[in-house]
$ cat query_13.txt   # compact mmCIF, C-alpha atoms
# COMPACT_ATOMS: atom_id res chain seq x y z
CA MET A 1 -18.93 -52.22 -198.07
CA SER A 2 -17.44 -52.12 -201.57
CA PRO A 3 -17.96 -48.97 -203.65
CA CYS A 4 -20.69 -48.88 -206.27
CA ASN A 5 -18.53 -46.94 -208.72
CA ALA A 6 -14.88 -46.80 -209.64
CA PRO A 7 -13.37 -44.29 -207.18
CA LEU A 8 -12.53 -40.90 -208.69
CA ARG A 9 -9.38 -39.69 -206.97
CA ASP A 10 -6.75 -38.51 -209.45
CA TRP A 11 -8.23 -35.50 -211.22
CA GLN A 12 -5.10 -34.35 -212.99
CA GLY A 13 -5.97 -33.93 -216.67
CA ARG A 14 -9.49 -35.34 -216.33
CA ARG A 15 -12.08 -33.46 -218.34
CA VAL A 16 -15.24 -32.56 -216.39
CA TRP A 17 -18.34 -30.85 -217.77
CA LEU A 18 -20.50 -29.10 -215.19
CA VAL A 19 -23.93 -28.02 -216.43
CA GLY A 20 -25.19 -25.29 -214.10
CA ALA A 21 -21.90 -23.85 -212.86
CA SER A 22 -22.43 -20.08 -212.82
CA SER A 23 -23.11 -19.90 -209.06
CA GLY A 24 -23.70 -21.93 -205.90
CA ILE A 25 -22.59 -25.53 -205.58
CA GLY A 26 -21.88 -25.90 -209.28
CA GLN A 27 -19.45 -22.99 -209.33
CA ALA A 28 -17.77 -24.11 -206.09
CA LEU A 29 -17.39 -27.62 -207.46
CA ALA A 30 -15.87 -26.29 -210.69
CA GLU A 31 -13.37 -24.27 -208.62
CA ALA A 32 -12.48 -27.30 -206.48
CA LEU A 33 -11.99 -29.52 -209.52
CA HIS A 34 -9.83 -26.94 -211.26
CA ALA A 35 -7.71 -26.66 -208.11
CA VAL A 36 -6.91 -30.39 -208.19
CA GLY A 37 -5.95 -30.39 -211.85
CA ALA A 38 -9.15 -31.18 -213.73
CA ARG A 39 -9.86 -29.67 -217.13
CA VAL A 40 -13.15 -27.97 -216.38
CA VAL A 41 -15.92 -27.11 -218.84
CA VAL A 42 -18.62 -24.87 -217.35
CA SER A 43 -22.10 -24.30 -218.75
CA ALA A 44 -25.04 -22.12 -217.70
CA ARG A 45 -27.25 -19.42 -219.19
CA GLN A 46 -25.15 -16.58 -217.76
CA ALA A 47 -22.37 -16.18 -220.32
CA THR A 48 -20.82 -13.25 -218.43
CA ALA A 49 -20.45 -15.28 -215.23
CA LEU A 50 -18.95 -18.18 -217.18
CA GLN A 51 -16.41 -15.90 -218.85
CA ALA A 52 -15.45 -14.48 -215.46
CA PHE A 53 -14.83 -18.04 -214.25
CA VAL A 54 -12.67 -18.85 -217.28
CA ASP A 55 -10.69 -15.63 -216.85
CA ALA A 56 -9.94 -16.58 -213.25
CA HIS A 57 -9.21 -20.26 -213.96
CA PRO A 58 -6.70 -20.74 -216.79
CA GLY A 59 -7.46 -23.73 -219.00
CA ALA A 60 -11.18 -23.78 -218.20
CA GLN A 61 -13.69 -23.71 -221.04
CA ALA A 62 -17.07 -21.96 -221.13
CA VAL A 63 -20.01 -23.27 -223.14
CA PRO A 64 -23.09 -21.09 -222.53
CA LEU A 65 -26.25 -23.17 -222.45
CA ASP A 66 -29.95 -22.92 -221.65
CA VAL A 67 -30.96 -26.46 -220.69
CA CYS A 68 -34.58 -25.70 -221.59
CA GLN A 69 -33.71 -25.38 -225.29
CA ASN A 70 -33.44 -28.71 -227.10
CA ASP A 71 -31.36 -27.46 -230.03
CA ALA A 72 -29.00 -25.57 -227.74
CA VAL A 73 -28.40 -28.70 -225.67
CA VAL A 74 -27.58 -30.78 -228.74
CA GLN A 75 -25.21 -28.09 -230.00
CA ALA A 76 -23.48 -27.81 -226.60
CA VAL A 77 -23.04 -31.57 -226.33
CA HIS A 78 -21.53 -31.61 -229.83
CA GLU A 79 -19.09 -28.85 -228.86
CA VAL A 80 -18.09 -30.36 -225.52
CA LEU A 81 -17.64 -33.88 -226.90
CA ARG A 82 -15.19 -32.81 -229.56
CA GLU A 83 -12.72 -34.02 -226.95
CA PRO A 84 -13.12 -37.07 -224.69
CA LEU A 85 -15.11 -36.43 -221.51
CA ASP A 86 -14.45 -38.13 -218.19
CA VAL A 87 -17.22 -36.79 -215.94
CA LEU A 88 -20.58 -35.15 -216.66
CA VAL A 89 -22.23 -33.32 -213.75
CA TYR A 90 -25.79 -32.00 -214.06
CA CYS A 91 -26.23 -29.34 -211.38
CA ALA A 92 -28.55 -26.88 -213.09
CA GLY A 93 -31.36 -26.02 -210.72
CA HIS A 94 -34.35 -23.77 -210.13
CA TYR A 95 -36.05 -23.21 -206.78
CA VAL A 96 -38.89 -21.06 -205.54
CA PRO A 97 -40.51 -21.94 -202.18
CA MET A 98 -44.12 -22.93 -202.83
CA ARG A 99 -47.11 -24.35 -200.99
CA ALA A 100 -50.28 -25.75 -202.54
CA SER A 101 -52.22 -22.64 -201.51
CA ASP A 102 -49.89 -20.52 -203.67
CA ALA A 103 -49.44 -22.94 -206.55
CA SER A 104 -48.36 -21.43 -209.84
CA LEU A 105 -48.52 -23.65 -212.90
CA ALA A 106 -45.88 -21.54 -214.63
CA GLU A 107 -43.46 -22.03 -211.73
CA LEU A 108 -44.27 -25.73 -211.44
CA GLU A 109 -43.45 -26.12 -215.14
CA ARG A 110 -40.26 -24.07 -214.77
CA HIS A 111 -39.00 -26.33 -211.98
CA LEU A 112 -39.78 -29.40 -214.05
CA ASP A 113 -38.12 -27.97 -217.15
CA VAL A 114 -34.84 -26.94 -215.49
CA ASN A 115 -34.44 -29.54 -212.76
CA TYR A 116 -35.61 -32.66 -214.57
CA ARG A 117 -36.30 -32.20 -218.28
CA GLY A 118 -33.02 -30.34 -218.63
CA ALA A 119 -31.18 -33.37 -217.30
CA LEU A 120 -33.07 -35.60 -219.73
CA ARG A 121 -32.12 -33.35 -222.65
CA VAL A 122 -28.43 -33.40 -221.74
CA LEU A 123 -28.37 -37.13 -221.04
CA SER A 124 -30.25 -38.13 -224.19
CA ALA A 125 -27.76 -36.17 -226.30
CA ALA A 126 -24.60 -37.19 -224.41
CA LEU A 127 -25.07 -40.79 -223.29
CA PRO A 128 -24.65 -42.42 -226.72
CA HIS A 129 -21.18 -40.87 -226.92
CA LEU A 130 -19.88 -41.73 -223.43
CA GLY A 131 -17.49 -44.63 -223.16
CA THR A 132 -16.20 -47.04 -220.54
CA GLY A 133 -14.71 -45.30 -217.53
CA THR A 134 -16.79 -42.15 -217.74
CA HIS A 135 -19.03 -40.99 -214.91
CA VAL A 136 -22.41 -39.23 -214.74
CA SER A 137 -23.49 -37.35 -211.62
CA LEU A 138 -26.89 -35.75 -210.98
CA MET A 139 -27.48 -33.04 -208.38
CA ALA A 140 -30.69 -33.84 -206.49
CA SER A 141 -31.42 -32.88 -202.86
CA VAL A 142 -32.39 -34.29 -199.47
CA ALA A 143 -35.75 -32.72 -200.34
CA ALA A 144 -36.17 -35.75 -202.60
CA TYR A 145 -36.53 -38.15 -199.67
CA ARG A 146 -40.08 -37.24 -198.62
CA GLY A 147 -42.62 -34.46 -199.02
CA LEU A 148 -41.75 -31.27 -197.14
CA PRO A 149 -43.61 -27.97 -196.65
CA LYS A 150 -42.84 -25.22 -199.19
CA SER A 151 -41.36 -27.81 -201.54
CA LEU A 152 -44.37 -28.32 -203.81
CA ALA A 153 -42.47 -27.42 -207.00
CA TYR A 154 -38.91 -28.33 -206.04
CA GLY A 155 -39.15 -31.61 -204.14
CA PRO A 156 -40.88 -33.74 -206.79
CA THR A 157 -38.33 -32.78 -209.45
CA LYS A 158 -35.46 -33.79 -207.20
CA ALA A 159 -37.19 -37.05 -206.32
CA ALA A 160 -37.46 -37.73 -210.05
CA LEU A 161 -33.71 -37.10 -210.44
CA MET A 162 -32.90 -39.53 -207.64
CA HIS A 163 -35.06 -42.22 -209.23
CA LEU A 164 -33.51 -41.47 -212.62
CA ALA A 165 -30.01 -41.90 -211.19
CA GLU A 166 -30.90 -45.32 -209.79
CA VAL A 167 -32.21 -46.51 -213.15
CA LEU A 168 -29.19 -45.06 -214.96
CA TYR A 169 -26.85 -46.89 -212.61
CA LEU A 170 -28.53 -50.21 -213.36
CA ASP A 171 -28.52 -49.57 -217.11
CA LEU A 172 -25.03 -48.08 -217.47
CA ALA A 173 -22.97 -50.23 -215.09
CA PRO A 174 -22.67 -53.00 -217.71
CA ARG A 175 -21.16 -50.40 -220.07
CA GLY A 176 -18.58 -49.45 -217.44
CA ILE A 177 -20.11 -46.00 -216.89
CA GLY A 178 -20.37 -44.83 -213.29
CA VAL A 179 -23.42 -42.99 -211.96
CA SER A 180 -23.89 -41.04 -208.75
CA VAL A 181 -26.57 -38.84 -207.23
CA ILE A 182 -25.74 -35.91 -204.97
CA ASN A 183 -28.22 -35.03 -202.20
CA PRO A 184 -27.15 -31.86 -200.40
CA GLY A 185 -28.88 -30.44 -197.37
CA PHE A 186 -29.06 -26.67 -196.93
CA VAL A 187 -26.21 -24.86 -198.68
CA ALA A 188 -25.81 -21.06 -198.74
CA THR A 189 -26.56 -20.25 -202.39
CA PRO A 190 -28.65 -17.68 -204.25
CA LEU A 191 -31.46 -20.26 -204.31
CA THR A 192 -31.60 -20.93 -200.56
CA ALA A 193 -31.30 -17.19 -199.88
CA GLN A 194 -35.03 -17.07 -200.69
CA ASN A 195 -35.90 -19.15 -197.62
CA ASP A 196 -37.53 -17.30 -194.74
CA PHE A 197 -37.03 -20.09 -192.21
CA HIS A 198 -34.14 -21.48 -190.17
CA MET A 199 -32.00 -23.84 -192.24
CA PRO A 200 -30.44 -26.51 -190.00
CA ALA A 201 -26.77 -27.40 -190.55
CA LEU A 202 -26.34 -24.73 -193.24
CA MET A 203 -23.15 -25.30 -195.25
CA GLN A 204 -21.04 -23.09 -197.48
CA PRO A 205 -20.66 -24.01 -201.17
CA ASP A 206 -16.96 -24.84 -200.81
CA GLU A 207 -17.81 -27.29 -198.01
CA ALA A 208 -20.37 -28.93 -200.28
CA ALA A 209 -17.79 -29.22 -203.05
CA THR A 210 -15.36 -30.92 -200.66
CA ALA A 211 -18.05 -33.40 -199.60
CA ILE A 212 -18.78 -34.23 -203.24
CA LEU A 213 -15.11 -34.85 -204.02
CA HIS A 214 -14.87 -37.14 -200.99
CA GLY A 215 -17.94 -39.06 -202.12
CA TRP A 216 -16.55 -39.56 -205.61
CA ALA A 217 -13.22 -40.67 -204.13
CA ARG A 218 -15.05 -43.39 -202.18
CA GLY A 219 -16.98 -44.57 -205.22
CA GLU A 220 -20.33 -43.79 -203.58
CA PHE A 221 -23.58 -43.94 -205.52
CA GLU A 222 -25.40 -41.54 -203.21
CA ILE A 223 -23.39 -38.61 -201.86
CA HIS A 224 -25.38 -36.90 -199.11
CA PHE A 225 -24.34 -34.21 -196.67
CA PRO A 226 -24.02 -32.78 -194.08
CA LYS A 227 -24.38 -36.18 -192.46
CA ARG A 228 -25.76 -34.84 -189.17
CA PHE A 229 -28.73 -33.50 -191.12
CA SER A 230 -29.08 -35.85 -194.09
CA ARG A 231 -29.04 -38.96 -191.89
CA VAL A 232 -31.99 -37.63 -189.91
CA LEU A 233 -33.98 -37.12 -193.10
CA LYS A 234 -32.99 -40.54 -194.37
CA PHE A 235 -34.33 -42.04 -191.14
CA LEU A 236 -37.61 -40.16 -191.60
CA ARG A 237 -38.09 -41.97 -194.91
CA TRP A 238 -38.82 -45.15 -192.97
CA LEU A 239 -41.48 -43.69 -190.69
CA PRO A 240 -45.08 -44.62 -191.47
CA ALA A 241 -47.23 -41.75 -192.74
CA ARG A 242 -49.29 -41.61 -189.52
CA TRP A 243 -46.07 -40.68 -187.64
CA TYR A 244 -44.26 -38.72 -190.34
CA PHE A 245 -46.92 -36.10 -191.10
CA PRO A 246 -47.61 -35.03 -187.48
CA LEU A 247 -43.85 -34.92 -186.80
CA ILE A 248 -43.19 -32.62 -189.75
CA HIS A 249 -46.13 -30.39 -188.80
CA ARG A 250 -44.74 -30.01 -185.28
CA ALA A 251 -41.15 -29.50 -186.42
CA THR A 252 -41.96 -26.84 -189.02
CA GLY A 253 -45.12 -25.28 -187.66
CA LEU A 254 -46.64 -25.67 -191.12
$ encode --input "query_13.txt" --output "structure tokens"
Amino acid sequence: MSPCNAPLRDWQGRRVWLVGASSGIGQALAEALHAVGARVVVSARQATALQAFVDAHPGAQAVPLDVCQNDAVVQAVHEVLREPLDVLVYCAGHYVPMRASDASLAELERHLDVNYRGALRVLSAALPHLGTGTHVSLMASVAAYRGLPKSLAYGPTKAALMHLAEVLYLDLAPRGIGVSVINPGFVATPLTAQNDFHMPALMQPDEAATAILHGWARGEFEIHFPKRFSRVLKFLRWLPARWYFPLIHRATGL
């Protein structure tokens, strides 16, 4: 099968902006890209963590940013795009396990603001300035595939990102701009450390970064991993509701 996007293989000198790179997958991906010669720009709210990254990775640039602030996003985009950009990665994320019985409107809104509206803010400011050959990648999750217990706040925002990526691909392909969506399974990060249940096929952040680089190199639209886990969840998408719901209840005990 032919790739959906132009393969991204030679990173030497390519300029990559990672929004949400102070920890977890975003930080690991920034480290991996720097190691293969990319010119990395890292953004997040935690300016101290960003500066520590820059100090440890010569040539990297830090642009502190709160994706929930419209003016701050516009200012950051203006600063980053003073030089040509090759790849934009939105990996900012917020996660608190939640069930309907414990629903918090404030937390629901926070998930929506960071995980989805933040991406919209960055994209609306940056897309008019991206040219042919650039690439946009959105960090979603396998939790986007179908409803899962304890994912009341998180899952819907990631499903929205996956849908957004599909629409962006259709709209931006004629402009020669690549689009990909990244759907990780369980990765050991500060976010997943909140989980009080067994996480099948748990990966380390550096393993996730390697999987993402491999997906980009193959020109994939959807980069999902680890395959032994993500393929099972992809299969579950096709089950009718009368089978899916009892199966998930039995598998999770919830």
$ closest_atom_pairs --input "query_13.txt" --of "range 76-142 of chain A" --to "range 158-163 of chain A" --cutoff "9 Å" --atoms "all atoms listed in the file" --output "Markdown table"
| residue | atom | partner | partner_atom | distance |
| --- | --- | --- | --- | --- |
| A:Asn115 | CA | A:Lys158 | CA | 7.1 |
| A:Tyr116 | CA | A:Leu161 | CA | 6.4 |
| A:Ala119 | CA | A:Leu161 | CA | 8.2 |
| A:Leu138 | CA | A:Leu161 | CA | 7.0 |
| A:Met139 | CA | A:Leu161 | CA | 7.7 |
| A:Ala140 | CA | A:Lys158 | CA | 4.8 |
| A:Ser141 | CA | A:Lys158 | CA | 6.0 |
| A:Val142 | CA | A:Lys158 | CA | 8.3 |
$ closest_residue --input "query_13.txt" --among "A:Leu213, A:Gln12, A:Val96, A:Ala56" --to "Asp196 in chain A" --atoms "all atoms listed in the file"
A:Val96
$ residues_around --input "query_13.txt" --residues "Gln46 in chain A" --least-positions-apart "2" --cutoff "7 Å" --atoms "only C-alpha atoms" --output "list in words"
Ser22, Ala44, Thr48, Ala49, Leu50 and Pro64 of chain A
$ atom_distance --input "query_13.txt" --atom1 "CA of Val122 in chain A" --atom2 "CA of Gln194 in chain A"
27.4 Å
$ atom_distance --input "query_13.txt" --atom1 "CA of Leu127 in chain A" --atom2 "CA of Arg39 in chain A"
19.8 Å
$ atom_distance --input "query_13.txt" --atom1 "CA of Val73 in chain A" --atom2 "CA of Glu107 in chain A"
21.6 Å
$ closest_residue --input "query_13.txt" --among "A:Gly118, A:Pro200, A:Gly93, A:Gly133" --to "Gly155 in chain A" --atoms "all atoms listed in the file"
A:Gly93
$ residues_around --input "query_13.txt" --residues "Pro84 in chain A" --least-positions-apart "5" --cutoff "12 Å" --atoms "all atoms listed in the file" --output "ChimeraX atom specification"
/A:13-17,39,41,77-79,126,129-134
$ residues_around --input "query_13.txt" --residues "Ala208 in chain A" --least-positions-apart "3" --cutoff "10 Å" --atoms "only C-alpha atoms" --output "list of chain:residue names"
A:Gly24, A:Ile25, A:Gly26, A:Ala28, A:Leu29, A:Ile182, A:Pro184, A:Gly185, A:Phe186, A:Val187, A:Ala188, A:Met203, A:Gln204, A:Pro205, A:Ala211, A:Ile212, A:Leu213, A:His214, A:His224, A:Phe225, A:Pro226
$ closest_residue --input "query_13.txt" --among "A:Arg82, A:Arg218, A:Lys227, A:Lys150" --to "Ala103 in chain A" --atoms "all atoms listed in the file"
A:Lys150
$ closest_residue --input "query_13.txt" --among "A:Leu191, A:Ala144, A:Val179, A:Leu120" --to "Val74 in chain A" --atoms "all atoms listed in the file"
A:Leu120
$ residues_around --input "query_13.txt" --residues "Val19 in chain A" --least-positions-apart "3" --cutoff "7 Å" --atoms "all atoms listed in the file" --output "MDAnalysis selection string"
chainID A and resid 42:44 89:92
$ residues_around --input "query_13.txt" --residues "Leu233 in chain A" --least-positions-apart "4" --cutoff "9 Å" --atoms "all atoms listed in the file" --output "list in words"
Val142, Ala143, Tyr145, Arg146, Phe229 and Arg237 of chain A
$ closest_residue --input "query_13.txt" --among "A:Ala217, A:Ile248, A:Leu239, A:Leu168" --to "Pro7 in chain A" --atoms "all atoms listed in the file"
A:Ala217
